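S.K.: Structure file run-v2.txt, compact mmCIF, N, CA and C atoms, is pasted below:
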# COMPACT_ATOMS: atom_id res chain seq x y z
N PRO A 26 75.95 82.40 97.24
CA PRO A 26 76.80 81.75 96.25
C PRO A 26 78.00 81.10 96.91
N PRO A 27 78.58 80.12 96.28
CA PRO A 27 79.76 79.47 96.83
C PRO A 27 80.93 80.45 96.98
N ALA A 28 81.76 80.21 97.98
CA ALA A 28 82.91 81.08 98.21
C ALA A 28 83.87 81.05 97.03
N SER A 29 83.86 79.99 96.26
CA SER A 29 84.77 79.91 95.12
C SER A 29 84.42 80.96 94.06
N ALA A 30 83.25 81.56 94.15
CA ALA A 30 82.88 82.61 93.21
C ALA A 30 83.59 83.93 93.53
N ALA A 31 84.17 84.03 94.72
CA ALA A 31 84.89 85.25 95.11
C ALA A 31 86.24 85.30 94.41
N PRO A 32 86.79 86.51 94.25
CA PRO A 32 88.12 86.61 93.64
C PRO A 32 89.16 85.87 94.47
N ALA A 33 90.26 85.49 93.86
CA ALA A 33 91.32 84.76 94.55
C ALA A 33 92.03 85.63 95.58
N THR A 34 92.06 86.94 95.36
CA THR A 34 92.70 87.86 96.30
C THR A 34 91.85 89.13 96.43
N CYS A 35 92.16 89.89 97.47
CA CYS A 35 91.47 91.15 97.71
C CYS A 35 92.46 92.08 98.39
N GLU A 36 92.52 93.32 97.95
CA GLU A 36 93.42 94.28 98.58
C GLU A 36 92.71 94.97 99.75
N LEU A 37 93.47 95.17 100.82
CA LEU A 37 92.96 95.83 102.01
C LEU A 37 93.91 96.96 102.36
N ALA A 38 93.39 98.19 102.44
CA ALA A 38 94.21 99.35 102.77
C ALA A 38 94.07 99.63 104.26
N LEU A 39 95.20 99.63 104.96
CA LEU A 39 95.24 99.90 106.40
C LEU A 39 95.87 101.28 106.61
N VAL A 40 95.21 102.12 107.40
CA VAL A 40 95.67 103.49 107.59
C VAL A 40 95.82 103.79 109.08
N ASN A 41 96.91 104.44 109.44
CA ASN A 41 97.12 104.88 110.81
C ASN A 41 96.50 106.27 110.95
N ASP A 42 95.32 106.31 111.53
CA ASP A 42 94.61 107.56 111.73
C ASP A 42 94.59 107.91 113.23
N SER A 43 95.69 107.59 113.91
CA SER A 43 95.77 107.83 115.34
C SER A 43 96.85 108.88 115.61
N ASP A 44 97.21 109.01 116.86
CA ASP A 44 98.28 109.94 117.24
C ASP A 44 99.51 109.18 117.74
N ALA A 45 99.61 107.89 117.37
CA ALA A 45 100.71 107.04 117.86
C ALA A 45 101.13 106.06 116.77
N ALA A 46 102.26 105.39 117.00
CA ALA A 46 102.69 104.32 116.10
C ALA A 46 101.74 103.14 116.26
N VAL A 47 101.40 102.50 115.17
CA VAL A 47 100.43 101.39 115.19
C VAL A 47 100.97 100.22 114.38
N ASN A 48 100.78 99.02 114.92
CA ASN A 48 101.04 97.78 114.19
C ASN A 48 99.71 97.08 113.98
N ALA A 49 99.53 96.49 112.80
CA ALA A 49 98.33 95.71 112.50
C ALA A 49 98.72 94.25 112.36
N TYR A 50 97.75 93.38 112.58
CA TYR A 50 97.90 91.94 112.42
C TYR A 50 96.65 91.43 111.73
N VAL A 51 96.83 90.58 110.72
CA VAL A 51 95.69 89.99 110.00
C VAL A 51 95.83 88.47 110.10
N THR A 52 94.80 87.84 110.67
CA THR A 52 94.80 86.38 110.82
C THR A 52 93.55 85.81 110.17
N GLY A 53 93.56 84.53 109.89
CA GLY A 53 92.38 83.87 109.35
C GLY A 53 92.71 82.46 108.92
N ARG A 54 91.78 81.87 108.19
CA ARG A 54 91.98 80.52 107.65
C ARG A 54 91.80 80.58 106.15
N GLU A 55 92.70 79.91 105.46
CA GLU A 55 92.66 79.91 104.00
C GLU A 55 91.51 79.05 103.49
N PHE A 56 90.72 79.64 102.60
CA PHE A 56 89.62 78.91 102.00
C PHE A 56 90.18 77.75 101.17
N GLY A 57 89.58 76.60 101.32
CA GLY A 57 89.97 75.43 100.53
C GLY A 57 90.95 74.51 101.24
N THR A 58 91.82 75.08 102.08
CA THR A 58 92.79 74.24 102.80
C THR A 58 92.54 74.22 104.30
N ASP A 59 91.84 75.23 104.82
CA ASP A 59 91.56 75.38 106.26
C ASP A 59 92.81 75.71 107.08
N ARG A 60 93.93 75.95 106.42
CA ARG A 60 95.15 76.24 107.16
C ARG A 60 95.09 77.64 107.77
N PHE A 61 95.63 77.76 109.00
CA PHE A 61 95.74 79.07 109.63
C PHE A 61 96.78 79.89 108.89
N ILE A 62 96.50 81.18 108.76
CA ILE A 62 97.35 82.06 107.99
C ILE A 62 97.45 83.41 108.69
N LEU A 63 98.62 84.01 108.63
CA LEU A 63 98.83 85.39 109.08
C LEU A 63 99.50 86.12 107.93
N LEU A 64 99.07 87.35 107.70
CA LEU A 64 99.74 88.15 106.68
C LEU A 64 100.96 88.81 107.31
N ARG A 65 101.96 89.07 106.49
CA ARG A 65 103.20 89.68 106.98
C ARG A 65 103.44 91.00 106.25
N ALA A 66 104.25 91.84 106.87
CA ALA A 66 104.55 93.15 106.28
C ALA A 66 105.16 93.01 104.90
N SER A 67 105.85 91.91 104.65
CA SER A 67 106.47 91.68 103.34
C SER A 67 105.41 91.45 102.26
N GLY A 68 104.16 91.32 102.67
CA GLY A 68 103.08 91.11 101.72
C GLY A 68 102.71 89.66 101.53
N GLY A 69 103.57 88.76 101.95
CA GLY A 69 103.28 87.34 101.78
C GLY A 69 102.60 86.75 103.00
N PRO A 70 101.89 85.68 102.79
CA PRO A 70 101.25 85.00 103.92
C PRO A 70 102.23 84.08 104.64
N TYR A 71 101.96 83.84 105.91
CA TYR A 71 102.70 82.85 106.68
C TYR A 71 101.69 81.79 107.10
N TYR A 72 101.97 80.55 106.77
CA TYR A 72 101.12 79.43 107.14
C TYR A 72 101.71 78.75 108.38
N LEU A 73 100.86 78.49 109.36
CA LEU A 73 101.35 77.85 110.57
C LEU A 73 101.97 76.50 110.26
N GLU A 74 103.04 76.21 110.98
CA GLU A 74 103.69 74.91 110.89
C GLU A 74 103.52 74.20 112.22
N GLU A 75 103.62 72.90 112.21
CA GLU A 75 103.47 72.12 113.44
C GLU A 75 104.54 72.54 114.45
N PRO A 76 104.14 72.95 115.66
CA PRO A 76 105.12 73.38 116.66
C PRO A 76 105.68 72.20 117.44
N PRO A 77 106.78 72.41 118.15
CA PRO A 77 107.35 71.33 118.95
C PRO A 77 106.53 71.01 120.20
N GLY A 78 105.64 71.91 120.59
CA GLY A 78 104.82 71.70 121.78
C GLY A 78 103.78 72.78 121.92
N PRO A 79 102.96 72.69 122.97
CA PRO A 79 101.92 73.70 123.17
C PRO A 79 102.50 75.08 123.48
N ALA A 80 101.74 76.09 123.13
CA ALA A 80 102.06 77.49 123.42
C ALA A 80 103.46 77.89 122.93
N THR A 81 103.82 77.43 121.73
CA THR A 81 105.09 77.81 121.12
C THR A 81 104.94 79.20 120.53
N PRO A 82 105.84 80.13 120.85
CA PRO A 82 105.74 81.47 120.25
C PRO A 82 105.77 81.38 118.72
N LEU A 83 104.97 82.21 118.09
CA LEU A 83 104.96 82.28 116.62
C LEU A 83 106.38 82.55 116.15
N PRO A 84 106.92 81.76 115.23
CA PRO A 84 108.33 81.90 114.86
C PRO A 84 108.65 83.03 113.89
N VAL A 85 107.65 83.80 113.47
CA VAL A 85 107.88 84.91 112.55
C VAL A 85 107.26 86.19 113.12
N ASP A 86 107.73 87.31 112.62
CA ASP A 86 107.15 88.59 112.97
C ASP A 86 105.97 88.83 112.04
N ALA A 87 104.77 88.84 112.58
CA ALA A 87 103.57 89.02 111.76
C ALA A 87 103.02 90.44 111.87
N SER A 88 103.78 91.34 112.47
CA SER A 88 103.29 92.72 112.59
C SER A 88 103.39 93.43 111.24
N ILE A 89 102.43 94.31 111.00
CA ILE A 89 102.42 95.13 109.81
C ILE A 89 102.45 96.58 110.29
N PRO A 90 103.64 97.21 110.30
CA PRO A 90 103.72 98.61 110.74
C PRO A 90 102.94 99.52 109.79
N LEU A 91 102.13 100.40 110.37
CA LEU A 91 101.29 101.26 109.55
C LEU A 91 101.89 102.62 109.26
N GLY A 92 103.11 102.84 109.65
CA GLY A 92 103.74 104.12 109.37
C GLY A 92 103.32 105.19 110.36
N ALA A 93 103.85 106.38 110.17
CA ALA A 93 103.58 107.49 111.08
C ALA A 93 102.10 107.89 111.01
N PRO A 94 101.61 108.46 112.10
CA PRO A 94 100.22 108.94 112.08
C PRO A 94 99.99 109.87 110.89
N GLY A 95 98.91 109.65 110.19
CA GLY A 95 98.56 110.48 109.04
C GLY A 95 99.25 110.10 107.75
N SER A 96 100.11 109.07 107.78
CA SER A 96 100.79 108.66 106.54
C SER A 96 99.81 107.91 105.65
N GLY A 97 100.23 107.64 104.45
CA GLY A 97 99.38 106.96 103.49
C GLY A 97 99.08 105.53 103.89
N PRO A 98 98.18 104.89 103.18
CA PRO A 98 97.78 103.53 103.54
C PRO A 98 98.87 102.50 103.25
N VAL A 99 98.83 101.44 104.03
CA VAL A 99 99.63 100.25 103.77
C VAL A 99 98.65 99.24 103.17
N VAL A 100 98.92 98.81 101.97
CA VAL A 100 98.01 97.90 101.27
C VAL A 100 98.53 96.48 101.37
N VAL A 101 97.69 95.58 101.87
CA VAL A 101 98.04 94.16 101.94
C VAL A 101 97.08 93.40 101.05
N THR A 102 97.56 92.29 100.52
CA THR A 102 96.72 91.46 99.65
C THR A 102 96.27 90.24 100.42
N LEU A 103 94.97 90.13 100.58
CA LEU A 103 94.38 88.99 101.29
C LEU A 103 94.15 87.86 100.31
N PRO A 104 94.55 86.64 100.67
CA PRO A 104 94.13 85.50 99.87
C PRO A 104 92.66 85.21 100.20
N ARG A 105 92.06 84.35 99.46
CA ARG A 105 90.68 83.95 99.78
C ARG A 105 90.72 83.27 101.14
N MET A 106 90.06 83.89 102.13
CA MET A 106 90.14 83.37 103.49
C MET A 106 88.82 83.61 104.22
N TYR A 107 88.69 82.98 105.37
CA TYR A 107 87.50 83.16 106.20
C TYR A 107 87.92 83.21 107.66
N GLY A 108 86.98 83.60 108.52
CA GLY A 108 87.28 83.69 109.94
C GLY A 108 88.39 84.69 110.23
N ALA A 109 88.53 85.69 109.37
CA ALA A 109 89.63 86.64 109.50
C ALA A 109 89.40 87.61 110.66
N ARG A 110 90.50 88.02 111.25
CA ARG A 110 90.49 89.04 112.29
C ARG A 110 91.61 90.02 111.99
N ILE A 111 91.37 91.27 112.32
CA ILE A 111 92.40 92.29 112.20
C ILE A 111 92.57 92.91 113.58
N TYR A 112 93.79 92.91 114.06
CA TYR A 112 94.13 93.53 115.34
C TYR A 112 94.99 94.75 115.07
N PHE A 113 94.78 95.80 115.85
CA PHE A 113 95.62 96.98 115.82
C PHE A 113 96.13 97.20 117.24
N VAL A 114 97.42 97.48 117.38
CA VAL A 114 97.99 97.74 118.70
C VAL A 114 98.84 99.01 118.62
N ARG A 115 98.66 99.88 119.61
CA ARG A 115 99.38 101.16 119.64
C ARG A 115 100.67 101.02 120.43
N GLU A 116 101.75 101.55 119.83
CA GLU A 116 103.05 101.64 120.51
C GLU A 116 103.56 100.31 121.06
N ASP A 117 103.22 99.20 120.40
CA ASP A 117 103.60 97.88 120.92
C ASP A 117 103.46 96.84 119.83
N THR A 118 103.73 95.60 120.17
CA THR A 118 103.49 94.45 119.30
C THR A 118 102.66 93.44 120.08
N LEU A 119 102.05 92.51 119.38
CA LEU A 119 101.26 91.46 120.01
C LEU A 119 102.01 90.14 119.94
N ASP A 120 101.74 89.28 120.92
CA ASP A 120 102.31 87.94 120.96
C ASP A 120 101.26 86.94 120.49
N PHE A 121 101.66 86.07 119.57
CA PHE A 121 100.80 84.98 119.11
C PHE A 121 101.54 83.68 119.40
N TYR A 122 100.79 82.62 119.62
CA TYR A 122 101.37 81.32 119.93
C TYR A 122 100.74 80.27 119.03
N VAL A 123 101.44 79.13 118.94
CA VAL A 123 100.97 78.02 118.10
C VAL A 123 100.86 76.78 118.97
N ASN A 124 99.73 76.10 118.88
CA ASN A 124 99.52 74.81 119.56
C ASN A 124 99.58 73.70 118.52
N PRO A 125 99.83 72.47 118.98
CA PRO A 125 99.82 71.34 118.04
C PRO A 125 98.51 71.30 117.26
N GLY A 126 98.63 70.88 116.02
CA GLY A 126 97.46 70.81 115.15
C GLY A 126 97.78 71.14 113.71
N PRO A 127 98.45 72.21 113.37
CA PRO A 127 98.74 73.37 114.21
C PRO A 127 97.51 74.26 114.36
N ALA A 128 97.44 74.94 115.49
CA ALA A 128 96.34 75.85 115.79
C ALA A 128 96.91 77.16 116.31
N LEU A 129 96.31 78.25 115.87
CA LEU A 129 96.76 79.57 116.29
C LEU A 129 96.12 79.95 117.61
N VAL A 130 96.95 80.41 118.55
CA VAL A 130 96.45 80.95 119.82
C VAL A 130 96.49 82.46 119.67
N GLU A 131 95.31 83.06 119.55
CA GLU A 131 95.23 84.50 119.35
C GLU A 131 95.21 85.21 120.70
N PRO A 132 95.52 86.50 120.71
CA PRO A 132 95.56 87.23 121.97
C PRO A 132 94.23 87.17 122.72
N ALA A 133 94.33 86.96 124.02
CA ALA A 133 93.16 87.00 124.91
C ALA A 133 93.33 88.26 125.77
N LEU A 134 92.97 89.37 125.19
CA LEU A 134 93.27 90.67 125.78
C LEU A 134 92.57 90.92 127.11
N HIS A 135 91.54 90.17 127.43
CA HIS A 135 90.80 90.31 128.68
C HIS A 135 91.36 89.43 129.80
N ASN A 136 92.34 88.59 129.48
CA ASN A 136 92.88 87.62 130.43
C ASN A 136 94.20 88.13 131.02
N PRO A 137 94.24 88.40 132.33
CA PRO A 137 95.48 88.91 132.94
C PRO A 137 96.66 87.96 132.79
N ALA A 138 96.42 86.69 132.53
CA ALA A 138 97.51 85.72 132.36
C ALA A 138 98.10 85.76 130.94
N ASP A 139 97.43 86.44 130.01
CA ASP A 139 97.91 86.54 128.62
C ASP A 139 99.00 87.60 128.54
N SER A 140 100.05 87.33 127.76
CA SER A 140 101.14 88.30 127.62
C SER A 140 100.71 89.59 126.93
N ASN A 141 99.55 89.59 126.30
CA ASN A 141 99.04 90.78 125.62
C ASN A 141 98.14 91.64 126.50
N TYR A 142 97.85 91.15 127.69
CA TYR A 142 96.95 91.87 128.60
C TYR A 142 97.50 93.28 128.88
N GLY A 143 96.65 94.27 128.79
CA GLY A 143 97.04 95.64 129.09
C GLY A 143 97.57 96.41 127.89
N LYS A 144 97.78 95.75 126.76
CA LYS A 144 98.23 96.46 125.57
C LYS A 144 97.05 97.20 124.97
N VAL A 145 97.29 98.37 124.39
CA VAL A 145 96.22 99.19 123.83
C VAL A 145 95.92 98.71 122.42
N VAL A 146 94.79 98.04 122.26
CA VAL A 146 94.41 97.50 120.96
C VAL A 146 93.04 98.03 120.56
N SER A 147 92.75 97.84 119.30
CA SER A 147 91.41 98.16 118.80
C SER A 147 91.08 97.25 117.65
Could you rewrite the structure in this file as structure tokens?
M.R.:
Amino acid sequence: PPASAAPATCELALVNDSDAAVNAYVTGREFGTDRFILLRASGGPYYLEEPPGPATPLPVDASIPLGAPGSGPVVVTLPRMYGARIYFVREDTLDFYVNPGPALVEPALHNPADSNYGKVVS
């Protein structure tokens, strides 16, 4: 069926079931507009804006702190989106960058040249 048959939003419960502090990141593209989107801890989406040049650091904090280990879920509301990814990082934050287009540069955790290399993610 067409994607438009899906609800306009969907709730996602994120839980820290580890033994450390965890930050989550949710990225994707908005259905219908193709714009890159990141969810924020405030619950609202952040849409990429045209950067001044390549590899511009993301101008907002897109981390979603999951609370202490064993705490209750953090619920975020997803807009209708596709190509979504969820990153979890322990005891740290991730760096995201924006290229002209605008296009999101997501972490390349296997690349020693990436600022996120060596961070504990899942």
S.K.: Of the candidates A:Leu129, A:Val85, A:Val99, A:Ile111, which one gets nearest to Leu39 of chain A if we count only C-alpha atoms?
M.R.: A:Val99
S.K.: Which distance in Å separates atom CA of Pro94 of chain A and atom CA of Ala109 of chain A, to one decimal?
M.R.: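 Between these atoms lies a distance of 24.8 Å.
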S.K.: Give the answer as one residue: which of A:Pro84, A:Pro127, A:Gly69, A:Gly78 has the shortest atom-to-atom distance to Thr102 of chain A, using all atoms listed in the file?
M.R.: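 Counting all atoms listed in the file, the residue closest to Thr102 of chain A is A:Gly69.
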S.K.: Of the residues A:Lys144, A:Arg54, A:Glu74, A:Ala31, which is the one nearest to Val114 of chain A, using all atoms listed in the file?
M.R.: A:Lys144
S.K.: I'd like the contact shell of Ala38 of chain A - 5 Å cut-off, all atoms listed in the file, skipping same-chain residues fewer than 2 positions apart - returned as a list in words.
M.R.: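 The filter keeps Glu36, Val40, Val99 and Val100 of chain A.
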S.K.: Please provide as a short mmCIF file (atom, residue, chain, number, x, y, z; two decimals) with N, CA and C atoms, in the coordinates of the input all residues within 7 Å of Pro82 of chain A, with the sequence filter that same-chain residues fewer than 4 positions apart are discarded (counting only N, CA and C atoms).
M.R.:
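Just written: around21.cif:
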data_model
loop_
_atom_site.label_atom_id
_atom_site.label_comp_id
_atom_site.auth_asym_id
_atom_site.auth_seq_id
_atom_site.Cartn_x
_atom_site.Cartn_y
_atom_site.Cartn_z
N PHE A 121 101.66 86.07 119.57
CA PHE A 121 100.80 84.98 119.11
C PHE A 121 101.54 83.68 119.40
N TYR A 122 100.79 82.62 119.62
CA TYR A 122 101.37 81.32 119.93
C TYR A 122 100.74 80.27 119.03
N VAL A 123 101.44 79.13 118.94
CA VAL A 123 100.97 78.02 118.10
C VAL A 123 100.86 76.78 118.97
#
S.K.: Have a look at atom CA of Ala66 of chain A and atom CA of Pro98 of chain A and let me know their distance in Å, one decimal.
M.R.: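 For atom CA of Ala66 of chain A relative to atom CA of Pro98 of chain A, the distance reads 12.7 Å.
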S.K.: Which of these residues is nearest to Gly126 of chain A, using all atoms listed in the file: A:Leu73, A:Ala93, A:Val146, A:Met106?
M.R.: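 Among the listed residues, A:Leu73 lies closest to Gly126 of chain A.
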S.K.: In Å to one decimal, how far is atom N of Val101 of chain A from atom C of Val47 of chain A?
M.R.: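 The value is 13.7 Å.
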S.K.: Between A:Leu134, A:Asp139, A:Leu83, A:Ala128, which one has atoms that come closest to Phe61 of chain A, using all atoms listed in the file?
M.R.: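 Smallest distance to Phe61 of chain A is found for A:Ala128.
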S.K.: So which one's closest to Ser67 of chain A, A:Ile89, A:Ala133, A:Leu103, A:Leu37? Using all atoms listed in the file, please.
M.R.: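 Between A:Ile89, A:Ala133, A:Leu103, A:Leu37, the residue approaching Ser67 of chain A most closely is A:Ile89.
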S.K.: Please complete segment 94-105 of chain A with all heavy atoms and give it back as a short mmCIF file (atom, residue, chain, number, x, y, z; two decimals), keeping the file's coordinate frame.
M.R.:
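Listing of part.cif after writing:
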data_model
loop_
_atom_site.label_atom_id
_atom_site.label_comp_id
_atom_site.auth_asym_id
_atom_site.auth_seq_id
_atom_site.Cartn_x
_atom_site.Cartn_y
_atom_site.Cartn_z
N PRO A 94 101.61 108.46 112.10
CA PRO A 94 100.22 108.94 112.08
C PRO A 94 99.99 109.87 110.89
O PRO A 94 100.81 110.73 110.59
CB PRO A 94 100.09 109.69 113.41
CG PRO A 94 101.08 109.03 114.31
CD PRO A 94 102.23 108.67 113.41
N GLY A 95 98.91 109.65 110.19
CA GLY A 95 98.56 110.48 109.04
C GLY A 95 99.25 110.10 107.75
O GLY A 95 99.02 110.71 106.71
N SER A 96 100.11 109.07 107.78
CA SER A 96 100.79 108.66 106.54
C SER A 96 99.81 107.91 105.65
O SER A 96 98.72 107.55 106.06
CB SER A 96 102.02 107.80 106.86
OG SER A 96 101.64 106.63 107.53
N GLY A 97 100.23 107.64 104.45
CA GLY A 97 99.38 106.96 103.49
C GLY A 97 99.08 105.53 103.89
O GLY A 97 99.66 104.99 104.84
N PRO A 98 98.18 104.89 103.18
CA PRO A 98 97.78 103.53 103.54
C PRO A 98 98.87 102.50 103.25
O PRO A 98 99.70 102.68 102.37
CB PRO A 98 96.56 103.27 102.65
CG PRO A 98 96.73 104.18 101.49
CD PRO A 98 97.46 105.39 102.01
N VAL A 99 98.83 101.44 104.03
CA VAL A 99 99.63 100.25 103.77
C VAL A 99 98.65 99.24 103.17
O VAL A 99 97.64 98.90 103.79
CB VAL A 99 100.25 99.69 105.08
CG1 VAL A 99 100.92 98.35 104.82
CG2 VAL A 99 101.23 100.69 105.66
N VAL A 100 98.92 98.81 101.97
CA VAL A 100 98.01 97.90 101.27
C VAL A 100 98.53 96.48 101.37
O VAL A 100 99.69 96.21 101.03
CB VAL A 100 97.83 98.32 99.80
CG1 VAL A 100 96.90 97.34 99.07
CG2 VAL A 100 97.29 99.74 99.71
N VAL A 101 97.69 95.58 101.87
CA VAL A 101 98.04 94.16 101.94
C VAL A 101 97.08 93.40 101.05
O VAL A 101 95.94 93.82 100.83
CB VAL A 101 98.00 93.61 103.39
CG1 VAL A 101 99.06 94.28 104.25
CG2 VAL A 101 96.63 93.80 104.02
N THR A 102 97.56 92.29 100.52
CA THR A 102 96.72 91.46 99.65
C THR A 102 96.27 90.24 100.42
O THR A 102 97.09 89.43 100.88
CB THR A 102 97.50 91.04 98.39
OG1 THR A 102 97.91 92.23 97.70
CG2 THR A 102 96.63 90.20 97.47
N LEU A 103 94.97 90.13 100.58
CA LEU A 103 94.38 88.99 101.29
C LEU A 103 94.15 87.86 100.31
O LEU A 103 93.57 88.08 99.24
CB LEU A 103 93.04 89.37 101.90
CG LEU A 103 92.99 90.57 102.83
CD1 LEU A 103 91.54 90.90 103.17
CD2 LEU A 103 93.77 90.29 104.08
N PRO A 104 94.55 86.64 100.67
CA PRO A 104 94.13 85.50 99.87
C PRO A 104 92.66 85.21 100.20
O PRO A 104 92.11 85.79 101.13
CB PRO A 104 95.04 84.37 100.35
CG PRO A 104 95.37 84.75 101.75
CD PRO A 104 95.40 86.25 101.79
N ARG A 105 92.06 84.35 99.46
CA ARG A 105 90.68 83.95 99.78
C ARG A 105 90.72 83.27 101.14
O ARG A 105 91.37 82.24 101.31
CB ARG A 105 90.14 83.01 98.71
CG ARG A 105 88.65 82.79 98.80
CD ARG A 105 88.14 81.90 97.70
NE ARG A 105 88.36 82.51 96.40
CZ ARG A 105 88.58 81.83 95.28
NH1 ARG A 105 88.62 80.52 95.30
NH2 ARG A 105 88.75 82.44 94.14
#
